[in-house]
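Below is one structure, written out as C-alpha cells; comments come after it.
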Amino acid sequence: MPEVSLKLFFSYSHKDETLRDELAKHLSILERQSVISSWCDRRILPGEEWDYQINDNLNTADIILLLISSDFLFSKYCWDVEVKKAIERHHTGEACVIPVILRSVDWSGAPFAKLQALPKNAEPVVSRHWHNQDEAFTDVAKGIRTAAEKLKKERPREQEQANILGQQTSNRILKEKIERRQQKPQSTQTTTAKLTQETDDLSSEKSVDYTRLRDLLKAGNWKEADQETLAVMLKATGREQEGWLNSESINNFPCTDLRTIDQLWVKYSNGHFGFSVQKQIWESVGKDYEKFGDRVGWRKRTFFNKNWLSYSYLTFTTNSPQGHMPAGGGAAWRWGAAGMESAPHQFVCLFWRRDL
C-alpha cells in the first residue's frame, strides 16, 4: 500500500507570492517522493467559495507554514483567521506549525514566537547572511523534511492509540448494554420502555429535543434518523434558515450536543454507525477523503472510475458499510470540494474535533 503523503498548507501574503513560489520549487522533491502534498489559495478554482476552501484545507493540513514578513503581519486575514486557527491546531496536536521567516520584521510576542522557525537561527531568507536565496530555501526545505519524517513516524503510534481507544469504546458500549439487560425488571412492557428511555442521555446545551432522533434510531428508521440528525444540528447551531452547516458552525458545534447525537447513533446501531465510528475510519485511512469515501460506501466502485454517490443512492440499512451514516441528511452533498462533485466535505470537519 503506497504511503499517504502529509498535507502542507501555505499561509502567506500575496505580496510574498514570488518567494512562496520559490519555496514551492525547493519542496517539489518532497512532493515527488510523496512525503508531502502542498496547497495554497492559488489552487482555488473559478466558482468555488474561497473562504470555504481555505478553511477546509487549513483544518485538514498536517503541516502549516507561516511565511513571515511585514506584509504577512499586516494582513488582517492572515493574522485573524489563518494564524489563529493554525496555532489552535498546533496546541491540540492536530498539526505542526512552522514559521518561515521570509523578510526581516519584528515578530517577537506573536502567537507563533515560541515555535522553532526556519531558516536556521530564524535568519530571514532575504538576508545578507545567505550567499543567495537558494541556500536559504535549501535550509528551509531540509527543516521541513525533518519535521515531515518525524510526523510520519509518529502517525502509526497515534493510529495504534486510536484503535485501542476505539476498542475500549466498543467494549464500554457492550458492557453497558449487558448491564441494562441484567437490570431490566420482569414487569410490564410500559415499565421496560420507560427504563430504556431513562438510560439515554439526551442532554443539550441549546435546549434541543433529541427524543425524535432517539425514537427513529431505536426503530431502525435510518434515513429518517439521518435527516433528523441534520435538523437537530441546524437547530443547535441556529442555521435552520440556511439549511446547511459550514465549517465554522461545525468547528463550534456544542460539545454536549455532539456527544448526545453520536452516542445515540453508536448505541442503536451497535457500534456500526456514528460520528466517532467515522472518525476512527478517517484516521485509519490516513485522513484521505477518497479512501474514506470508499470505506464508508459513499463512492461508486467501477473498474475505470470511482465517483461520489448522490444522497439518494446511499444504502440506509445495517447491511451498508460501517460508518455509512450519519451522512448529513443530504444537505452536505451540495458542498463538495474540487474533484469531489458530490462529496459530503463539510462533515469531515467533525473528525478534527478533540471531543468526538
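Note on naming: chains are A, B, ... as they come in the C-alpha cells, residues start from 1 per chain, ligands start from 1 in the order shown.
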
When DSSP is applied to the backbone of this structure, which of segment 43-119 of chain A are assigned helix (DSSP H, G or I)? Write them out as JSON, numbers by chain. {"A": [43, 50, 51, 52, 53, 54, 55, 56, 57, 58, 59, 60, 70, 71, 72, 73, 74, 76, 77, 78, 79, 80, 81, 82, 83, 84, 85, 86, 87, 88, 89, 90, 91]}

Requested write-out: N, CA and C atoms of the selected residues, as a compact mmCIF listing (two decimals), in the first residue's frame:
# COMPACT_ATOMS: atom_id res chain seq x y z
N ARG A 43 -4.79 27.53 -5.83
CA ARG A 43 -5.39 26.32 -6.38
C ARG A 43 -6.91 26.35 -6.35
N TRP A 50 -13.96 30.70 -1.91
CA TRP A 50 -12.56 30.77 -1.48
C TRP A 50 -12.41 30.63 0.03
N ASP A 51 -13.35 31.23 0.78
CA ASP A 51 -13.25 31.15 2.25
C ASP A 51 -13.41 29.71 2.73
N TYR A 52 -14.36 29.00 2.11
CA TYR A 52 -14.57 27.60 2.49
C TYR A 52 -13.35 26.76 2.14
N GLN A 53 -12.80 26.96 0.94
CA GLN A 53 -11.65 26.17 0.50
C GLN A 53 -10.45 26.40 1.40
N ILE A 54 -10.20 27.66 1.77
CA ILE A 54 -9.06 27.96 2.64
C ILE A 54 -9.26 27.31 4.01
N ASN A 55 -10.44 27.50 4.60
CA ASN A 55 -10.70 26.93 5.92
C ASN A 55 -10.65 25.42 5.92
N ASP A 56 -11.19 24.81 4.86
CA ASP A 56 -11.20 23.35 4.80
C ASP A 56 -9.79 22.79 4.71
N ASN A 57 -8.95 23.37 3.86
CA ASN A 57 -7.58 22.90 3.72
C ASN A 57 -6.75 23.23 4.96
N LEU A 58 -7.04 24.37 5.57
CA LEU A 58 -6.35 24.74 6.80
C LEU A 58 -6.69 23.77 7.92
N ASN A 59 -7.95 23.33 7.96
CA ASN A 59 -8.42 22.42 9.02
C ASN A 59 -7.96 20.98 8.82
N THR A 60 -7.49 20.64 7.62
CA THR A 60 -7.08 19.26 7.36
C THR A 60 -5.59 19.12 7.11
N SER A 70 6.63 41.53 6.85
CA SER A 70 5.83 42.67 7.32
C SER A 70 4.44 42.64 6.69
N ASP A 71 4.36 42.21 5.43
CA ASP A 71 3.06 42.13 4.77
C ASP A 71 2.19 41.03 5.37
N PHE A 72 2.81 39.94 5.79
CA PHE A 72 2.06 38.86 6.44
C PHE A 72 1.47 39.35 7.76
N LEU A 73 2.28 40.03 8.56
CA LEU A 73 1.79 40.54 9.84
C LEU A 73 0.74 41.63 9.64
N PHE A 74 0.84 42.35 8.53
CA PHE A 74 -0.11 43.43 8.24
C PHE A 74 -1.45 42.90 7.76
N LYS A 76 -4.83 41.33 7.69
CA LYS A 76 -5.85 41.02 8.71
C LYS A 76 -6.32 39.59 8.58
N TYR A 77 -6.49 39.10 7.35
CA TYR A 77 -6.97 37.73 7.15
C TYR A 77 -5.93 36.72 7.63
N CYS A 78 -4.67 36.94 7.28
CA CYS A 78 -3.61 36.02 7.74
C CYS A 78 -3.56 35.97 9.26
N TRP A 79 -3.65 37.15 9.88
CA TRP A 79 -3.49 37.23 11.33
C TRP A 79 -4.73 36.72 12.07
N ASP A 80 -5.92 37.20 11.68
CA ASP A 80 -7.14 36.89 12.43
C ASP A 80 -7.70 35.51 12.13
N VAL A 81 -7.47 34.99 10.93
CA VAL A 81 -8.06 33.71 10.55
C VAL A 81 -7.02 32.59 10.51
N GLU A 82 -6.03 32.74 9.66
CA GLU A 82 -5.10 31.63 9.42
C GLU A 82 -4.16 31.39 10.60
N VAL A 83 -3.57 32.46 11.14
CA VAL A 83 -2.67 32.28 12.29
C VAL A 83 -3.44 31.75 13.50
N LYS A 84 -4.61 32.31 13.74
CA LYS A 84 -5.41 31.88 14.90
C LYS A 84 -5.75 30.39 14.82
N LYS A 85 -6.25 29.94 13.66
CA LYS A 85 -6.62 28.54 13.51
C LYS A 85 -5.37 27.64 13.54
N ALA A 86 -4.29 28.10 12.93
CA ALA A 86 -3.07 27.30 12.90
C ALA A 86 -2.55 27.05 14.32
N ILE A 87 -2.51 28.09 15.13
CA ILE A 87 -2.00 27.94 16.50
C ILE A 87 -2.92 27.05 17.33
N GLU A 88 -4.24 27.19 17.13
CA GLU A 88 -5.18 26.31 17.84
C GLU A 88 -4.91 24.85 17.51
N ARG A 89 -4.72 24.55 16.24
CA ARG A 89 -4.50 23.16 15.83
C ARG A 89 -3.12 22.67 16.28
N HIS A 90 -2.15 23.58 16.34
CA HIS A 90 -0.82 23.19 16.83
C HIS A 90 -0.89 22.82 18.31
N HIS A 91 -1.61 23.61 19.09
CA HIS A 91 -1.70 23.36 20.54
C HIS A 91 -2.46 22.07 20.85

Give me the residues near Leu115 of chain A as a ChimeraX atom specification, where near means some atom within 9 Å (using only C-alpha atoms) and where sequence neighbours in that chain fewer than 4 positions away do not count. /A:97-99,111

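The environment of Asn319 of chain A within 12 Å, counting only C-alpha atoms and disregarding residues fewer than 3 places along the same chain, consists of Trp222, Ser269, His272, Phe273, Val296, Gly297, Leu314, Thr315, Phe316, Gln322, Gly323, His324 and Met325 of chain A.
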
Preceding selection exported with N, CA, C and O atoms as a PDB file, in the first residue's frame:
ATOM      1  N   TRP A 222     -33.343   4.446   9.577  1.00  0.00           N
ATOM      2  CA  TRP A 222     -32.044   5.085   9.429  1.00  0.00           C
ATOM      3  C   TRP A 222     -32.081   6.348   8.576  1.00  0.00           C
ATOM      4  O   TRP A 222     -31.420   7.341   8.906  1.00  0.00           O
ATOM      5  N   SER A 269     -27.100   1.454  16.747  1.00  0.00           N
ATOM      6  CA  SER A 269     -26.578   0.701  15.598  1.00  0.00           C
ATOM      7  C   SER A 269     -25.586  -0.371  16.046  1.00  0.00           C
ATOM      8  O   SER A 269     -24.942  -1.007  15.224  1.00  0.00           O
ATOM      9  N   HIS A 272     -22.154   0.320  14.706  1.00  0.00           N
ATOM     10  CA  HIS A 272     -21.970   0.276  13.252  1.00  0.00           C
ATOM     11  C   HIS A 272     -21.940   1.674  12.647  1.00  0.00           C
ATOM     12  O   HIS A 272     -21.251   1.908  11.650  1.00  0.00           O
ATOM     13  N   PHE A 273     -22.700   2.616  13.228  1.00  0.00           N
ATOM     14  CA  PHE A 273     -22.786   3.972  12.717  1.00  0.00           C
ATOM     15  C   PHE A 273     -22.409   4.966  13.818  1.00  0.00           C
ATOM     16  O   PHE A 273     -22.360   4.619  14.995  1.00  0.00           O
ATOM     17  N   VAL A 296     -16.568   3.860   3.677  1.00  0.00           N
ATOM     18  CA  VAL A 296     -17.918   4.006   4.240  1.00  0.00           C
ATOM     19  C   VAL A 296     -19.005   3.847   3.181  1.00  0.00           C
ATOM     20  O   VAL A 296     -20.189   3.990   3.480  1.00  0.00           O
ATOM     21  N   GLY A 297     -18.609   3.553   1.938  1.00  0.00           N
ATOM     22  CA  GLY A 297     -19.589   3.272   0.900  1.00  0.00           C
ATOM     23  C   GLY A 297     -20.246   4.495   0.297  1.00  0.00           C
ATOM     24  O   GLY A 297     -21.396   4.435  -0.134  1.00  0.00           O
ATOM     25  N   LEU A 314     -27.474   6.320  -1.456  1.00  0.00           N
ATOM     26  CA  LEU A 314     -26.905   5.713  -0.255  1.00  0.00           C
ATOM     27  C   LEU A 314     -27.806   4.589   0.231  1.00  0.00           C
ATOM     28  O   LEU A 314     -28.996   4.548  -0.074  1.00  0.00           O
ATOM     29  N   THR A 315     -27.241   3.664   0.994  1.00  0.00           N
ATOM     30  CA  THR A 315     -27.974   2.490   1.467  1.00  0.00           C
ATOM     31  C   THR A 315     -28.294   2.660   2.948  1.00  0.00           C
ATOM     32  O   THR A 315     -27.398   2.605   3.787  1.00  0.00           O
ATOM     33  N   PHE A 316     -29.546   2.852   3.270  1.00  0.00           N
ATOM     34  CA  PHE A 316     -29.936   3.141   4.645  1.00  0.00           C
ATOM     35  C   PHE A 316     -30.382   1.866   5.359  1.00  0.00           C
ATOM     36  O   PHE A 316     -31.535   1.732   5.798  1.00  0.00           O
ATOM     37  N   GLN A 322     -19.664  -0.135   7.485  1.00  0.00           N
ATOM     38  CA  GLN A 322     -19.520   0.539   8.773  1.00  0.00           C
ATOM     39  C   GLN A 322     -19.183   2.015   8.532  1.00  0.00           C
ATOM     40  O   GLN A 322     -18.369   2.357   7.692  1.00  0.00           O
ATOM     41  N   GLY A 323     -19.833   2.904   9.281  1.00  0.00           N
ATOM     42  CA  GLY A 323     -19.598   4.336   9.136  1.00  0.00           C
ATOM     43  C   GLY A 323     -20.397   4.985   8.019  1.00  0.00           C
ATOM     44  O   GLY A 323     -20.203   6.163   7.724  1.00  0.00           O
ATOM     45  N   HIS A 324     -21.291   4.243   7.391  1.00  0.00           N
ATOM     46  CA  HIS A 324     -22.084   4.769   6.267  1.00  0.00           C
ATOM     47  C   HIS A 324     -22.958   5.951   6.692  1.00  0.00           C
ATOM     48  O   HIS A 324     -23.283   6.811   5.880  1.00  0.00           O
ATOM     49  N   MET A 325     -23.330   5.975   7.949  1.00  0.00           N
ATOM     50  CA  MET A 325     -24.162   7.050   8.493  1.00  0.00           C
ATOM     51  C   MET A 325     -23.602   7.496   9.845  1.00  0.00           C
ATOM     52  O   MET A 325     -22.899   6.720  10.490  1.00  0.00           O
TER      53      MET A 325
END

Which neighbours of segment 130-133 of chain A fall inside 10 Å, counting only C-alpha atoms, when residues of the same chain fewer than 4 positions from it are skipped, and could you give them as JSON, numbers by chain? {"A": [19, 22, 23, 102, 123, 124, 125, 126, 137, 138, 139]}

Sorted by chain and rising residue number, which residues of segment 58-80 of chain A lie within 6 Å of segment 11-14 of chain A, and what are their closest atom pairs and distances in Å to one decimal, counting only C-alpha atoms, as JSON lines?
{"residue": "A:Leu65", "atom": "CA", "partner": "A:Ser11", "partner_atom": "CA", "distance": 5.9}
{"residue": "A:Leu66", "atom": "CA", "partner": "A:Ser11", "partner_atom": "CA", "distance": 5.0}
{"residue": "A:Leu67", "atom": "CA", "partner": "A:Tyr12", "partner_atom": "CA", "distance": 5.1}
{"residue": "A:Phe72", "atom": "CA", "partner": "A:Ser13", "partner_atom": "CA", "distance": 4.9}

Only C-alpha atoms, please: the residues just picked out, written as a PDB file, in the first residue's frame.
ATOM      1  CA  LEU A  65       3.830  27.003   7.016  1.00  0.00           C
ATOM      2  CA  LEU A  66       3.513  30.621   8.165  1.00  0.00           C
ATOM      3  CA  LEU A  67       5.553  32.685   5.692  1.00  0.00           C
ATOM      4  CA  PHE A  72       2.059  38.858   6.439  1.00  0.00           C
TER       5      PHE A  72
END

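Shortest separation to Thr146 of chain A among A:Ala327, A:Leu118, A:Gly109, A:Glu205 occurs at residue A:Leu118, atoms counted being only C-alpha atoms.
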
Excluding Pro254 of chain A and residues on its chain fewer than 3 positions from it, collect all residues at most 9 Å away from it, counting only C-alpha atoms, and give them as an MDAnalysis selection string. chainID A and resid 204:206 236:237 250:251 257:259

Selection above as a file: N, CA, C and O atoms, as a PDB file, in the first residue's frame:
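As written to disk, part-v6.pdb reads:
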ATOM      1  N   SER A 204     -28.497  18.652  26.109  1.00  0.00           N
ATOM      2  CA  SER A 204     -28.261  19.645  25.065  1.00  0.00           C
ATOM      3  C   SER A 204     -27.900  20.983  25.694  1.00  0.00           C
ATOM      4  O   SER A 204     -28.511  21.405  26.674  1.00  0.00           O
ATOM      5  N   GLU A 205     -26.888  21.617  25.140  1.00  0.00           N
ATOM      6  CA  GLU A 205     -26.516  22.960  25.596  1.00  0.00           C
ATOM      7  C   GLU A 205     -27.435  24.021  25.009  1.00  0.00           C
ATOM      8  O   GLU A 205     -27.469  25.155  25.487  1.00  0.00           O
ATOM      9  N   LYS A 206     -28.183  23.664  23.953  1.00  0.00           N
ATOM     10  CA  LYS A 206     -29.022  24.626  23.239  1.00  0.00           C
ATOM     11  C   LYS A 206     -30.513  24.297  23.354  1.00  0.00           C
ATOM     12  O   LYS A 206     -31.305  24.773  22.544  1.00  0.00           O
ATOM     13  N   ALA A 236     -29.251  23.365  16.698  1.00  0.00           N
ATOM     14  CA  ALA A 236     -28.230  23.604  17.726  1.00  0.00           C
ATOM     15  C   ALA A 236     -27.262  24.713  17.326  1.00  0.00           C
ATOM     16  O   ALA A 236     -26.641  25.341  18.184  1.00  0.00           O
ATOM     17  N   THR A 237     -27.139  24.967  16.015  1.00  0.00           N
ATOM     18  CA  THR A 237     -26.218  25.997  15.531  1.00  0.00           C
ATOM     19  C   THR A 237     -26.933  27.254  15.053  1.00  0.00           C
ATOM     20  O   THR A 237     -26.278  28.206  14.616  1.00  0.00           O
ATOM     21  N   ILE A 250     -19.604  23.891  12.354  1.00  0.00           N
ATOM     22  CA  ILE A 250     -19.198  22.547  12.764  1.00  0.00           C
ATOM     23  C   ILE A 250     -18.073  22.613  13.779  1.00  0.00           C
ATOM     24  O   ILE A 250     -18.066  21.889  14.780  1.00  0.00           O
ATOM     25  N   ASN A 251     -17.106  23.498  13.536  1.00  0.00           N
ATOM     26  CA  ASN A 251     -15.988  23.637  14.478  1.00  0.00           C
ATOM     27  C   ASN A 251     -16.461  24.093  15.852  1.00  0.00           C
ATOM     28  O   ASN A 251     -15.876  23.728  16.876  1.00  0.00           O
ATOM     29  N   ASP A 257     -24.027  18.476  22.757  1.00  0.00           N
ATOM     30  CA  ASP A 257     -24.957  18.036  21.717  1.00  0.00           C
ATOM     31  C   ASP A 257     -24.284  17.062  20.752  1.00  0.00           C
ATOM     32  O   ASP A 257     -24.898  16.077  20.328  1.00  0.00           O
ATOM     33  N   LEU A 258     -23.021  17.325  20.423  1.00  0.00           N
ATOM     34  CA  LEU A 258     -22.290  16.420  19.530  1.00  0.00           C
ATOM     35  C   LEU A 258     -22.176  15.034  20.168  1.00  0.00           C
ATOM     36  O   LEU A 258     -22.378  14.012  19.517  1.00  0.00           O
ATOM     37  N   ARG A 259     -21.895  15.021  21.463  1.00  0.00           N
ATOM     38  CA  ARG A 259     -21.761  13.742  22.178  1.00  0.00           C
ATOM     39  C   ARG A 259     -23.108  13.015  22.252  1.00  0.00           C
ATOM     40  O   ARG A 259     -23.175  11.794  22.080  1.00  0.00           O
TER      41      ARG A 259
END

Choose the residue, out of A:Val208, A:Asp262, A:Cys96, A:Gly293, that has the smallest atom-to-atom separation from Ala117 of chain A; count only C-alpha atoms. A:Cys96

Write out as a PyMOL selection string all residues of segment 27-179 of chain A that DSSP puts in strand (DSSP E or B) for this structure's backbone. chain A and resi 36-39+63-68+96-101+118

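Checking A:Ala110, A:Ala141, A:Leu151, A:Val232 one by one against Asp62 of chain A, counting only C-alpha atoms, you find the shortest gap at A:Leu151.
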
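Interatomic distance, atom CA of Asn270 of chain A to atom CA of Ala225 of chain A: 15.2 Å.
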